[in-house]
file query-v5.txt (compact mmCIF, C-alpha atoms)
# COMPACT_ATOMS: atom_id res chain seq x y z
CA MET A 15 0.00 0.00 0.00
CA ARG A 16 2.88 2.33 0.79
CA ASN A 17 4.00 2.19 -2.85
CA LEU A 18 0.77 3.90 -3.87
CA ILE A 19 2.29 7.17 -2.66
CA ALA A 20 3.98 7.21 -6.09
CA PHE A 21 0.73 8.20 -7.78
CA PRO A 22 -0.08 11.42 -5.88
CA VAL A 23 3.58 12.47 -5.69
CA LEU A 24 4.31 11.93 -9.38
CA LEU A 25 0.95 13.41 -10.35
CA LEU A 26 1.84 16.52 -8.39
CA ALA A 27 5.30 16.52 -10.00
CA ILE A 28 3.91 16.36 -13.56
CA ILE A 29 1.36 19.10 -12.81
CA LEU A 30 4.11 21.33 -11.39
CA GLN A 31 6.36 20.46 -14.34
CA SER A 32 3.73 21.30 -16.93
CA SER A 33 2.30 24.41 -15.32
CA ILE A 34 5.28 26.06 -13.59
CA VAL A 35 8.67 24.45 -14.22
CA SER A 36 8.19 24.47 -18.01
CA GLN A 37 7.64 28.22 -17.83
CA VAL A 38 10.88 28.85 -15.92
CA LYS A 39 13.14 28.89 -18.95
CA LEU A 40 16.85 29.43 -19.18
CA ILE A 41 17.51 30.19 -22.86
CA ALA A 42 15.47 27.33 -24.38
CA GLY A 43 15.94 24.77 -21.64
CA TYR A 44 14.05 24.01 -18.47
CA ALA A 45 14.31 21.61 -15.59
CA ASP A 46 12.91 18.07 -15.62
CA LEU A 47 11.22 17.72 -12.26
CA MET A 48 10.18 14.11 -12.94
CA LEU A 49 13.78 13.09 -13.53
CA ILE A 50 14.98 14.85 -10.37
CA VAL A 51 12.22 13.32 -8.25
CA LEU A 52 13.07 9.86 -9.61
CA ALA A 53 16.78 10.37 -8.92
CA ALA A 54 16.11 11.56 -5.37
CA TRP A 55 13.68 8.72 -4.65
CA ALA A 56 15.95 6.01 -6.05
CA LEU A 57 18.85 7.32 -3.93
CA GLN A 58 16.99 6.74 -0.65
CA GLU A 59 18.41 3.76 1.17
CA GLN A 60 15.12 2.32 2.39
CA VAL A 61 13.28 2.67 -0.94
CA LYS A 62 12.60 -0.52 -2.88
CA SER A 63 10.01 0.75 -5.35
CA ALA A 64 12.14 3.06 -7.55
CA TRP A 65 11.58 1.01 -10.71
CA HIS A 66 7.81 1.23 -10.23
CA TRP A 67 8.15 4.96 -9.80
CA ALA A 68 10.07 5.20 -13.07
CA ILE A 69 7.31 3.38 -14.94
CA VAL A 70 4.59 5.55 -13.40
CA ALA A 71 6.65 8.67 -14.21
CA CYS A 72 6.95 7.54 -17.85
CA MET A 73 3.20 6.96 -18.02
CA PHE A 74 2.33 10.37 -16.63
CA THR A 75 4.88 12.26 -18.71
CA ALA A 76 3.95 10.46 -21.93
CA PHE A 77 0.30 11.27 -21.24
CA VAL A 78 0.99 15.00 -20.99
CA SER A 79 3.84 15.30 -23.48
CA HIS A 80 3.91 14.73 -27.21
CA MET A 81 7.14 12.79 -26.59
CA PRO A 82 6.34 9.06 -26.90
CA TRP A 83 6.87 6.73 -23.90
CA TRP A 84 9.52 4.71 -25.68
CA ILE A 85 11.77 7.80 -25.85
CA LEU A 86 11.11 8.81 -22.24
CA SER A 87 11.40 5.41 -20.58
CA PRO A 88 15.10 4.61 -21.33
CA GLY A 89 16.12 7.95 -19.79
CA TYR A 90 14.05 7.52 -16.63
CA LEU A 91 15.04 3.87 -16.20
CA ALA A 92 18.70 4.87 -16.66
CA VAL A 93 18.31 7.44 -13.88
CA VAL A 94 16.98 4.79 -11.49
CA TYR A 95 19.74 2.36 -12.47
CA LEU A 96 22.43 5.02 -11.97
CA ALA A 97 20.98 6.09 -8.63
CA GLN A 98 20.84 2.56 -7.31
CA ALA A 99 24.38 1.87 -8.49
CA LEU A 100 25.70 5.05 -6.90
CA ARG A 101 23.73 4.56 -3.69
CA LYS A 102 25.89 1.59 -2.82
CA ARG A 103 29.14 3.38 -3.62
CA VAL A 104 28.78 6.94 -2.36
CA TRP A 105 26.24 6.40 0.41
CA GLN A 106 28.11 8.72 2.75
CA ALA A 107 27.73 11.71 0.44
CA PRO A 108 24.09 11.64 -0.70
CA LEU A 109 24.16 15.13 -2.20
CA LEU A 110 27.18 14.25 -4.30
CA ALA A 111 25.34 11.16 -5.50
CA MET A 112 22.26 13.28 -6.22
CA PHE A 113 24.27 15.74 -8.30
CA SER A 114 26.03 12.92 -10.16
CA VAL A 115 22.78 11.13 -10.99
CA THR A 116 21.08 14.37 -12.04
CA PHE A 117 24.02 15.32 -14.24
CA ALA A 118 24.39 11.95 -15.93
CA GLY A 119 20.63 11.35 -16.10
CA THR A 120 19.96 14.68 -17.79
CA LEU A 121 22.65 14.03 -20.39
CA ILE A 122 21.37 10.51 -21.08
CA ALA A 123 17.72 11.58 -21.30
CA HIS A 124 18.53 14.48 -23.62
CA LEU A 125 20.79 12.35 -25.80
CA ILE A 126 18.06 9.74 -26.21
CA SER A 127 15.46 12.44 -27.01
CA PHE A 128 17.81 14.10 -29.47
CA VAL A 129 18.65 10.87 -31.33
CA ALA A 130 15.03 9.71 -31.41
CA LEU A 131 13.72 13.06 -32.68
CA ARG A 132 16.48 13.28 -35.30
CA LEU A 133 15.60 9.78 -36.50
CA SER A 134 11.95 10.77 -36.71
CA GLY A 135 12.91 13.64 -39.03
CA ALA A 136 12.82 16.70 -36.80
CA PRO A 137 15.48 19.25 -37.82
CA LEU A 138 17.55 19.51 -34.62
CA PRO A 139 21.09 20.89 -35.02
CA PHE A 140 23.36 19.31 -32.39
CA SER A 141 25.06 22.59 -31.49
CA ASP A 142 21.70 24.31 -30.87
CA VAL A 143 20.43 21.42 -28.77
CA ALA A 144 23.63 21.22 -26.70
CA GLY A 145 24.09 24.95 -26.16
CA LEU A 146 20.53 26.18 -25.95
CA ILE A 147 18.66 23.27 -24.39
CA THR A 148 20.84 20.66 -22.72
CA LEU A 149 23.34 22.89 -20.88
CA PRO A 150 20.71 25.30 -19.49
CA SER A 151 18.48 22.36 -18.54
CA LEU A 152 21.45 20.73 -16.81
CA LEU A 153 22.08 23.86 -14.78
CA LEU A 154 18.41 24.16 -13.79
CA ASN A 155 18.23 20.48 -12.88
CA MET A 156 21.24 20.94 -10.61
CA LEU A 157 19.56 23.94 -8.97
CA PHE A 158 16.34 22.02 -8.40
CA ALA A 159 18.23 18.94 -7.17
CA ILE A 160 18.91 20.15 -3.62
CA PRO A 161 15.38 21.19 -2.55
CA THR A 162 13.85 18.19 -4.30
CA TYR A 163 16.30 15.82 -2.60
CA THR A 164 15.46 17.30 0.81
CA PHE A 165 11.73 16.95 0.22
CA ILE A 166 11.97 13.42 -1.14
CA ARG A 167 14.28 12.31 1.70
CA ASP A 168 11.71 13.47 4.25
CA LEU A 169 8.95 11.80 2.27
CA ALA A 170 10.89 8.52 2.12
CA ARG A 171 11.50 8.63 5.89
CA TRP A 172 7.81 9.20 6.43
CA VAL A 173 6.74 6.40 4.09
CA TYR A 174 9.46 3.93 5.14
CA PRO A 175 10.47 4.78 8.72
CA LEU A 176 14.04 3.62 9.46
CA GLU A 177 14.24 0.91 12.11
CA GLU A 178 16.54 1.84 15.02
CA MET B 27 -6.81 86.68 63.64
CA ASN B 28 -3.66 87.82 65.45
CA SER B 29 -1.17 90.28 63.99
CA ARG B 30 1.35 87.51 63.07
CA SER B 31 -1.08 85.59 60.91
CA LEU B 32 -2.31 88.80 59.30
CA GLN B 33 1.30 89.65 58.46
CA THR B 34 1.84 86.21 56.92
CA THR B 35 -1.34 86.55 54.87
CA ILE B 36 -0.28 89.95 53.56
CA ILE B 37 3.19 88.64 52.64
CA PHE B 38 1.62 85.71 50.77
CA LEU B 39 -0.76 88.01 48.95
CA VAL B 40 2.03 90.40 47.97
CA VAL B 41 4.40 87.65 46.82
CA GLY B 42 1.55 85.89 45.02
CA GLY B 43 0.53 89.13 43.36
CA ILE B 44 4.09 89.83 42.26
CA LEU B 45 4.36 86.28 40.93
CA ILE B 46 1.11 86.58 39.00
CA LEU B 47 2.16 89.93 37.59
CA ALA B 48 5.57 88.50 36.68
CA LEU B 49 3.98 85.51 34.97
CA GLY B 50 1.59 87.83 33.21
CA GLY B 51 4.56 89.60 31.64
CA PHE B 52 4.14 92.88 33.45
CA PHE B 53 7.80 93.08 34.57
CA GLY B 54 9.42 92.95 31.14
CA PRO B 55 12.73 91.03 30.91
CA VAL B 56 12.62 89.93 34.54
CA SER B 57 9.26 88.24 34.11
CA GLN B 58 10.36 86.67 30.82
CA ARG B 59 13.39 85.14 32.55
CA LEU B 60 11.13 83.82 35.28
CA ASP B 61 8.72 82.41 32.73
CA LEU B 62 11.53 80.67 30.95
CA SER B 63 12.94 79.19 34.15
CA LEU B 64 9.56 77.90 35.23
CA ILE B 65 8.77 76.50 31.83
CA GLN B 66 12.13 74.76 31.72
CA LEU B 67 11.50 73.37 35.16
CA GLN B 68 8.06 72.17 34.14
CA THR B 69 9.43 70.66 31.00
CA TRP B 70 12.04 68.81 33.03
CA PHE B 71 9.43 67.43 35.37
CA ALA B 72 7.02 66.61 32.57
CA SER B 73 9.65 64.77 30.58
CA ARG B 74 10.76 62.80 33.66
CA PHE B 75 7.17 61.93 34.44
CA GLN B 76 6.57 60.92 30.84
CA GLY B 77 9.63 58.69 31.02
CA MET B 78 8.42 57.05 34.22
CA GLN B 79 4.96 56.60 32.79
CA ASP B 80 6.36 55.04 29.63
CA PHE B 81 8.54 52.77 31.71
CA PHE B 82 5.57 51.39 33.64
CA THR B 83 2.96 51.36 30.88
CA ALA B 84 5.06 50.64 27.75
CA PRO B 85 5.06 46.82 27.91
CA ARG B 86 1.29 46.73 27.84
CA ASP B 87 1.24 49.24 24.97
CA ILE B 88 3.83 47.28 22.97
CA VAL B 89 1.75 44.14 23.27
CA SER B 90 -1.37 45.94 22.12
CA LEU B 91 0.56 47.73 19.36
CA ARG B 92 2.05 44.49 18.17
CA ALA B 93 -1.37 42.91 18.03
CA ARG B 94 -2.69 45.91 16.14
CA ASN B 95 0.30 45.83 13.81
CA ALA B 96 -0.23 42.15 13.07
CA GLU B 97 -3.90 42.83 12.44
CA LEU B 98 -3.08 45.66 10.04
CA GLU B 99 -0.40 43.59 8.28
CA ALA B 100 -2.91 40.80 7.77
CA GLN B 101 -5.36 43.34 6.39
CA VAL B 102 -2.71 44.76 4.05
CA SER B 103 -1.81 41.29 2.76
CA ARG B 104 -5.51 40.53 2.23
CA LEU B 105 -5.91 43.76 0.29
CA GLN B 106 -2.75 43.05 -1.72
CA THR B 107 -4.15 39.63 -2.64
CA GLN B 108 -7.37 41.28 -3.71
CA VAL B 109 -5.45 43.81 -5.80
CA ILE B 110 -3.52 41.01 -7.53
CA GLU B 111 -6.73 39.06 -8.18
CA LEU B 112 -8.43 42.14 -9.57
CA GLN B 113 -5.39 42.93 -11.71
CA GLN B 114 -5.49 39.40 -13.10
CA ARG B 115 -9.19 39.81 -13.88
CA VAL B 116 -8.50 43.11 -15.63
CA ASN B 117 -5.77 41.45 -17.71
CA GLU B 118 -8.04 38.53 -18.58
CA THR B 119 -10.85 40.92 -19.47
CA GLU B 120 -8.54 42.89 -21.74
CA ILE B 121 -7.41 39.70 -23.49
CA LEU B 122 -10.98 38.46 -23.83
CA ALA B 123 -12.12 41.83 -25.16
CA ALA B 124 -9.38 41.68 -27.81
CA LEU B 125 -10.39 38.12 -28.70
CA VAL B 126 -14.06 39.13 -28.94
CA ASP B 127 -13.06 41.98 -31.27
CA PHE B 128 -11.08 39.52 -33.35
CA SER B 129 -13.98 37.06 -33.60
CA ARG B 130 -16.34 39.91 -34.57
CA THR B 131 -14.02 40.99 -37.36
CA ASN B 132 -13.75 37.39 -38.59
CA PRO B 133 -17.37 36.23 -38.45
CA GLU B 134 -16.85 33.45 -40.99
CA SER B 135 -15.27 31.25 -38.31
CA SER B 136 -16.74 30.08 -35.05
CA TYR B 137 -14.46 30.15 -32.04
CA LYS B 138 -14.12 28.54 -28.66
CA ALA B 139 -11.98 30.37 -26.10
CA ALA B 140 -9.59 28.29 -24.00
CA ALA B 141 -7.07 29.05 -21.29
CA VAL B 142 -3.51 27.82 -21.56
CA ILE B 143 -2.93 25.59 -18.52
CA GLY B 144 0.45 24.03 -19.27
CA ARG B 145 3.34 23.39 -21.59
CA ASP B 146 5.00 20.26 -22.82
CA PRO B 147 7.37 18.81 -20.19
CA SER B 148 10.05 18.27 -22.85
CA PRO B 149 12.15 21.30 -23.83
CA PHE B 150 12.64 19.75 -27.29
CA LEU B 151 8.99 20.25 -28.16
CA HIS B 152 6.77 23.34 -28.37
CA TYR B 153 3.29 22.32 -27.33
CA ILE B 154 0.77 23.90 -24.98
CA ILE B 155 -2.13 22.37 -23.08
CA ILE B 156 -5.52 24.10 -23.10
CA ASN B 157 -8.50 23.58 -20.84
CA ARG B 158 -11.00 22.61 -23.57
CA GLY B 159 -11.45 19.14 -24.96
CA SER B 160 -13.84 16.84 -26.76
CA ASN B 161 -16.64 17.81 -24.33
CA ASP B 162 -16.43 21.28 -25.89
CA ASP B 163 -16.40 19.90 -29.46
CA ILE B 164 -12.68 20.38 -29.87
CA ARG B 165 -11.26 17.99 -32.44
CA ARG B 166 -7.77 17.06 -33.58
CA GLY B 167 -6.42 19.34 -36.31
CA MET B 168 -8.47 22.42 -35.43
CA PRO B 169 -6.46 25.65 -35.83
CA VAL B 170 -5.71 27.73 -32.75
CA VAL B 171 -5.34 31.53 -32.95
CA THR B 172 -5.24 34.67 -30.87
CA ASN B 173 -6.29 38.15 -31.90
CA GLN B 174 -2.65 38.63 -33.01
CA GLY B 175 -2.46 35.66 -35.35
CA LEU B 176 -1.90 31.94 -35.78
CA VAL B 177 -0.77 29.92 -32.75
CA GLY B 178 -0.87 26.32 -33.98
CA ARG B 179 -3.27 23.43 -34.21
CA VAL B 180 -4.81 20.85 -31.92
CA ASP B 181 -2.64 17.75 -31.77
CA ALA B 182 -4.40 15.55 -29.21
CA VAL B 183 -7.69 15.78 -27.33
CA ILE B 184 -9.10 14.30 -24.14
CA ALA B 185 -12.46 15.03 -22.54
CA ASP B 186 -11.62 18.35 -20.91
CA ALA B 187 -8.20 19.29 -22.28
CA ALA B 188 -6.27 19.36 -25.52
CA ARG B 189 -2.64 19.58 -26.58
CA VAL B 190 -1.77 22.17 -29.21
CA GLN B 191 1.27 22.03 -31.46
CA LEU B 192 2.67 25.55 -31.80
CA ILE B 193 3.95 26.79 -35.14
CA THR B 194 7.34 27.20 -33.41
CA ASP B 195 7.65 23.43 -32.84
CA PRO B 196 10.58 21.88 -34.76
CA ALA B 197 8.21 19.40 -36.44
CA SER B 198 5.73 22.08 -37.52
CA ALA B 199 5.39 23.10 -41.17
CA VAL B 200 2.73 25.57 -42.33
CA ASN B 201 2.00 26.49 -45.91
CA VAL B 202 1.99 30.28 -46.11
CA TYR B 203 1.44 33.04 -48.61
CA LEU B 204 3.51 36.20 -48.91
CA GLN B 205 0.99 38.86 -49.81
CA ASN B 206 3.29 41.51 -51.26
CA ALA B 207 5.48 39.09 -53.18
CA ASP B 208 2.46 37.05 -54.30
CA THR B 209 4.21 33.75 -53.68
CA ASN B 210 3.87 30.66 -51.50
CA ALA B 211 6.38 29.33 -48.99
CA VAL B 212 6.66 26.97 -46.05
CA LEU B 213 6.96 28.21 -42.48
CA LEU B 214 9.16 26.02 -40.29
CA GLY B 215 9.62 25.95 -36.53
CA SER B 216 12.84 25.27 -34.72
CA VAL B 217 14.13 23.91 -31.46
CA THR B 218 14.87 27.43 -30.20
CA GLY B 219 11.32 28.64 -30.87
CA ASP B 220 12.33 30.83 -33.82
CA ILE B 221 10.37 30.48 -37.06
CA SER B 222 11.66 30.80 -40.60
CA LEU B 223 10.46 30.65 -44.16
CA ASP B 224 11.74 28.15 -46.69
CA MET B 225 10.85 27.16 -50.25
CA ILE B 226 10.49 30.77 -51.41
CA SER B 227 10.89 30.88 -55.16
CA GLN B 228 14.08 32.50 -56.40
CA ASN B 229 11.96 34.67 -58.71
CA ALA B 230 9.93 36.13 -55.86
CA VAL B 231 10.79 39.63 -54.65
CA VAL B 232 10.47 39.46 -50.90
CA LYS B 233 11.21 42.42 -48.66
CA PRO B 234 11.59 42.82 -44.90
CA SER B 235 8.28 43.55 -43.11
CA ASP B 236 6.27 41.70 -45.79
CA LEU B 237 3.16 40.18 -44.22
CA ILE B 238 2.88 36.39 -44.04
CA LEU B 239 -0.54 34.71 -44.10
CA THR B 240 -1.61 31.09 -44.16
CA SER B 241 -2.25 29.94 -47.72
CA GLY B 242 -4.68 27.11 -46.98
CA LEU B 243 -2.72 24.76 -49.21
CA GLY B 244 -2.57 21.20 -47.95
CA GLY B 245 -5.78 21.62 -46.00
CA GLY B 246 -4.07 21.85 -42.61
CA TYR B 247 -5.03 25.46 -41.88
CA PRO B 248 -7.67 27.85 -43.18
CA PRO B 249 -6.36 30.60 -45.49
CA ASP B 250 -5.57 34.22 -44.58
CA LEU B 251 -4.62 33.82 -40.93
CA ILE B 252 -1.83 36.23 -39.98
CA VAL B 253 1.41 34.45 -39.11
CA GLY B 254 4.05 37.18 -38.92
CA GLN B 255 6.37 39.42 -40.87
CA VAL B 256 9.57 38.84 -42.81
CA VAL B 257 12.62 40.11 -40.92
CA THR B 258 15.60 39.19 -43.09
CA LEU B 259 15.95 37.41 -46.39
CA ARG B 260 18.70 35.04 -47.47
CA ALA B 261 18.96 34.56 -51.22
CA LEU B 262 21.91 32.59 -52.59
CA GLU B 263 22.17 32.07 -56.33
CA PHE B 264 23.34 28.47 -56.11
CA GLU B 265 20.38 27.41 -53.92
CA LEU B 266 17.01 26.36 -55.27
CA PHE B 267 14.98 28.50 -52.90
CA GLN B 268 15.28 31.64 -50.80
CA GLN B 269 14.96 31.55 -47.02
CA ALA B 270 13.80 34.19 -44.57
CA THR B 271 13.65 34.72 -40.86
CA VAL B 272 10.25 35.64 -39.48
CA GLN B 273 8.97 37.74 -36.60
CA PRO B 274 5.85 35.88 -35.37
CA ALA B 275 2.72 37.93 -34.86
CA VAL B 276 1.98 36.08 -31.63
CA ASP B 277 4.08 36.43 -28.48
CA PHE B 278 4.44 32.73 -27.65
CA SER B 279 5.98 33.39 -24.26
CA ARG B 280 2.80 35.12 -23.08
CA LEU B 281 0.02 32.85 -24.21
CA ASP B 282 -2.80 32.99 -21.67
CA ILE B 283 -6.03 32.62 -23.61
CA VAL B 284 -6.42 31.31 -27.15
CA LEU B 285 -9.26 30.72 -29.60
CA VAL B 286 -9.89 27.38 -31.26
CA ILE B 287 -11.54 27.63 -34.68
CA THR B 288 -14.20 24.96 -34.30
CA ASN B 289 -15.82 25.08 -37.73
CA PHE B 290 -12.66 24.12 -39.59
CA ARG B 291 -12.00 20.48 -40.38
CA PRO B 292 -8.49 19.73 -41.65
CA VAL B 293 -8.20 17.73 -44.86
CA ASP B 294 -6.10 14.60 -44.65
CA ILE B 295 -4.19 14.49 -47.92
CA ALA B 296 -1.90 11.66 -46.86
CA PRO B 297 -3.66 9.07 -49.09
CA LEU B 298 -3.10 11.35 -52.11
CA GLU B 299 0.63 11.74 -51.47
CA PRO B 300 2.85 9.54 -53.63
call {"tool": "encode", "arguments": {"input": "query-v5.txt", "output": "C-alpha cells"}}
result
Amino acid sequence: MRNLIAFPVLLLAIILQSSIVSQVKLIAGYADLMLIVLAAWALQEQVKSAWHWAIVACMFTAFVSHMPWWILSPGYLAVVYLAQALRKRVWQAPLLAMFSVTFAGTLIAHLISFVALRLSGAPLPFSDVAGLITLPSLLLNMLFAIPTYTFIRDLARWVYPLEE
Amino acid sequence: MNSRSLQTTIIFLVVGGILILALGGFFGPVSQRLDLSLIQLQTWFASRFQGMQDFFTAPRDIVSLRARNAELEAQVSRLQTQVIELQQRVNETEILAALVDFSRTNPESSYKAAAVIGRDPSPFLHYIIINRGSNDDIRRGMPVVTNQGLVGRVDAVIADAARVQLITDPASAVNVYLQNADTNAVLLGSVTGDISLDMISQNAVVKPSDLILTSGLGGGYPPDLIVGQVVTLRALEFELFQQATVQPAVDFSRLDIVLVITNFRPVDIAPLEP
C-alpha cells in the first residue's frame, strides 16, 4: 500500500512540471522535475520501489507530453539504475550522488530524445540542442536537485520509517 | 486673627501678586526670565514623568501595538491579494475583449476560447495544453489563434483538455502566402522557438516587413490567418529557394487565452501523397 504514494507524488510533479517548471526557462531549456524526483527517490536507502516509480513517471509524462513513452522510458530507467548503483558506492555523500545522478541522467535523457527526434525527421542541429537546451536544462536540474532531494528524503523517511 | 497671621497673609498676597504679575509679563525682561525658568523646570518634570509613565505602561502598549500591527499587516496582505486578483481579472478581461473583437471581425469562423494551462514537459517540443477538450467539441487538427495571429493546431484531445502544437515546434510546417510578393512558402519551426520561411521561389521579390498569411494549401489550416512578418531574407544564387527569418505575430511566451476555430475540419491528404 505504501507504494501507492507514487501516484499522488508523481501526479503533483507532472502538474508542477507542466504548469510552472516548463515556464521557468533558461535560454530554451528548463528543468525536468520528474527526472529529479526519480533520482532523489531512487537514492533513498530504504526505498525498494524506484523502478515502479520510473514506470509511473513515464506513463504520466507520456500522457501529458507529445514525446512518446519509448523515448522517455530509457532515460528515466537509466536514472533509477544510476541512482541505485551510486547509492551503494557513495552512500556517505548523498548530495554528491544526487548531483552525479542528475548530471548523468539529464545528459542521457537528452541524448536519447535528441537521437530519437532526429531519426523521426525533426530538424535539430546538435550545437543548438547542446548549447541552448541541454546545458541550461542541466544547470536548472542541478539547482532544483537540492530542494527536491530534501523533500523526497523526508517523504521517504515518512513512508518507510528507518528501524533503530 | 492675630497680627502675626495677618502679616503672613499679607506677605503671601504680595508675593503671590508679584508672581502673578511677573507671569503675566508685566515686569518685562525679569518676568520673561522667570517664565523661561519655570517652563524649563516644568518641561524637566514633565519629561521625567513621561519617562516614568512610559517605563511602567510601555510593555502593555507594545503588546497591544504588536497585536494591532499584526492585524493591520494581515489586512494589508488581504488587500494586496485582492489587488492582484483584480489585476489578473483586468488582464483577462482585456485579453478576452481583444479576442471578442477579433472574432467579430472574422465572423466566418466560429471560435471557442480556451485558457492555456500548461506546456509540454520536454524542452525539445513546443506544445501547450488548453482547458478545452472533446466535451467542448474540440477535435484534432483544429487551428488555434489569438487576436494577433496563428498559434498552432490541436494535436491531441481528451475530454476536458487538448494539446496544441505551436507553429514554433521543430516538427511544424505551415503552408503560407507572402501577400506583397504574391508567392507561396513553407513556415518552419525550430528547437529554439524561432520560425523561418523556406521554399520561397528565387523569382519572388520578398522584402523585410512583408506580411505572411496562411495559404490554406494542404488543408491543414484555413487561409488568410496572420502568421508574422519577414525580418531578413537570405537569397543565394546556387540554392534552389530563398529563405527568410520571421517575426511571429503572436508572443508565444505570453500565451494565456487562445481561440480554437471549431468550424474548420483539416483535410487529410496523406492518401493522395505519392
call {"tool": "interface_residues", "arguments": {"input": "query-v5.txt", "of": "chain A", "to": "chain B", "cutoff": "9 Å", "atoms": "all atoms listed in the file", "output": "PyMOL selection string"}}
result
chain A and resi 28-29+31-37+41-47+75+78-81+124+127-128+131+135-139+142-143+146-148+151
call {"tool": "atom_distance", "arguments": {"input": "query-v5.txt", "atom1": "atom CA of B:Ser136", "atom2": "atom CA of B:Leu285"}}
result
9.3 Å
call {"tool": "atom_distance", "arguments": {"input": "query-v5.txt", "atom1": "atom CA of A:Ala76", "atom2": "atom CA of B:Asp277"}}
result
26.8 Å
call {"tool": "closest_residue", "arguments": {"input": "query-v5.txt", "among": "A:Ser141, A:Leu52, A:Ala27, A:Val61", "to": "A:Thr120", "atoms": "all atoms listed in the file"}}
result
A:Leu52
call {"tool": "atom_distance", "arguments": {"input": "query-v5.txt", "atom1": "atom CA of A:Tyr163", "atom2": "atom CA of A:Ala54"}}
result
5.1 Å
call {"tool": "residues_near_point", "arguments": {"input": "query-v5.txt", "point": "(0.0, 36.4, -36.6)", "cutoff": "8 Å", "atoms": "all atoms listed in the file", "output": "VMD selection string"}}
result
chain B and resid 172 174 to 177 238 to 239 251 to 254 274 to 276
call {"tool": "write_last_selection", "arguments": {"input": "query-v5.txt", "atoms": "C-alpha atoms", "output": "PDB file, keeping the file's coordinate frame"}}
result
ATOM      1  CA  THR B 172      -5.240  34.670 -30.870  1.00  0.00           C
ATOM      2  CA  GLN B 174      -2.650  38.630 -33.010  1.00  0.00           C
ATOM      3  CA  GLY B 175      -2.460  35.660 -35.350  1.00  0.00           C
ATOM      4  CA  LEU B 176      -1.900  31.940 -35.780  1.00  0.00           C
ATOM      5  CA  VAL B 177      -0.770  29.920 -32.750  1.00  0.00           C
ATOM      6  CA  ILE B 238       2.880  36.390 -44.040  1.00  0.00           C
ATOM      7  CA  LEU B 239      -0.540  34.710 -44.100  1.00  0.00           C
ATOM      8  CA  LEU B 251      -4.620  33.820 -40.930  1.00  0.00           C
ATOM      9  CA  ILE B 252      -1.830  36.230 -39.980  1.00  0.00           C
ATOM     10  CA  VAL B 253       1.410  34.450 -39.110  1.00  0.00           C
ATOM     11  CA  GLY B 254       4.050  37.180 -38.920  1.00  0.00           C
ATOM     12  CA  PRO B 274       5.850  35.880 -35.370  1.00  0.00           C
ATOM     13  CA  ALA B 275       2.720  37.930 -34.860  1.00  0.00           C
ATOM     14  CA  VAL B 276       1.980  36.080 -31.630  1.00  0.00           C
TER      15      VAL B 276
END
call {"tool": "closest_residue", "arguments": {"input": "query-v5.txt", "among": "A:Ala64, A:Met112, A:Leu49, A:Ile166", "to": "A:Gly89", "atoms": "only C-alpha atoms"}}
result
A:Leu49
call {"tool": "residues_near_point", "arguments": {"input": "query-v5.txt", "point": "(15.8, 24.0, -11.3)", "cutoff": "10 Å", "atoms": "only C-alpha atoms", "output": "ChimeraX atom specification"}}
result
/A:35,38-40,44-47,50,150-162
call {"tool": "closest_residue", "arguments": {"input": "query-v5.txt", "among": "A:Tyr95, A:Leu100, A:Leu24, A:Trp55", "to": "A:Val70", "atoms": "all atoms listed in the file"}}
result
A:Leu24
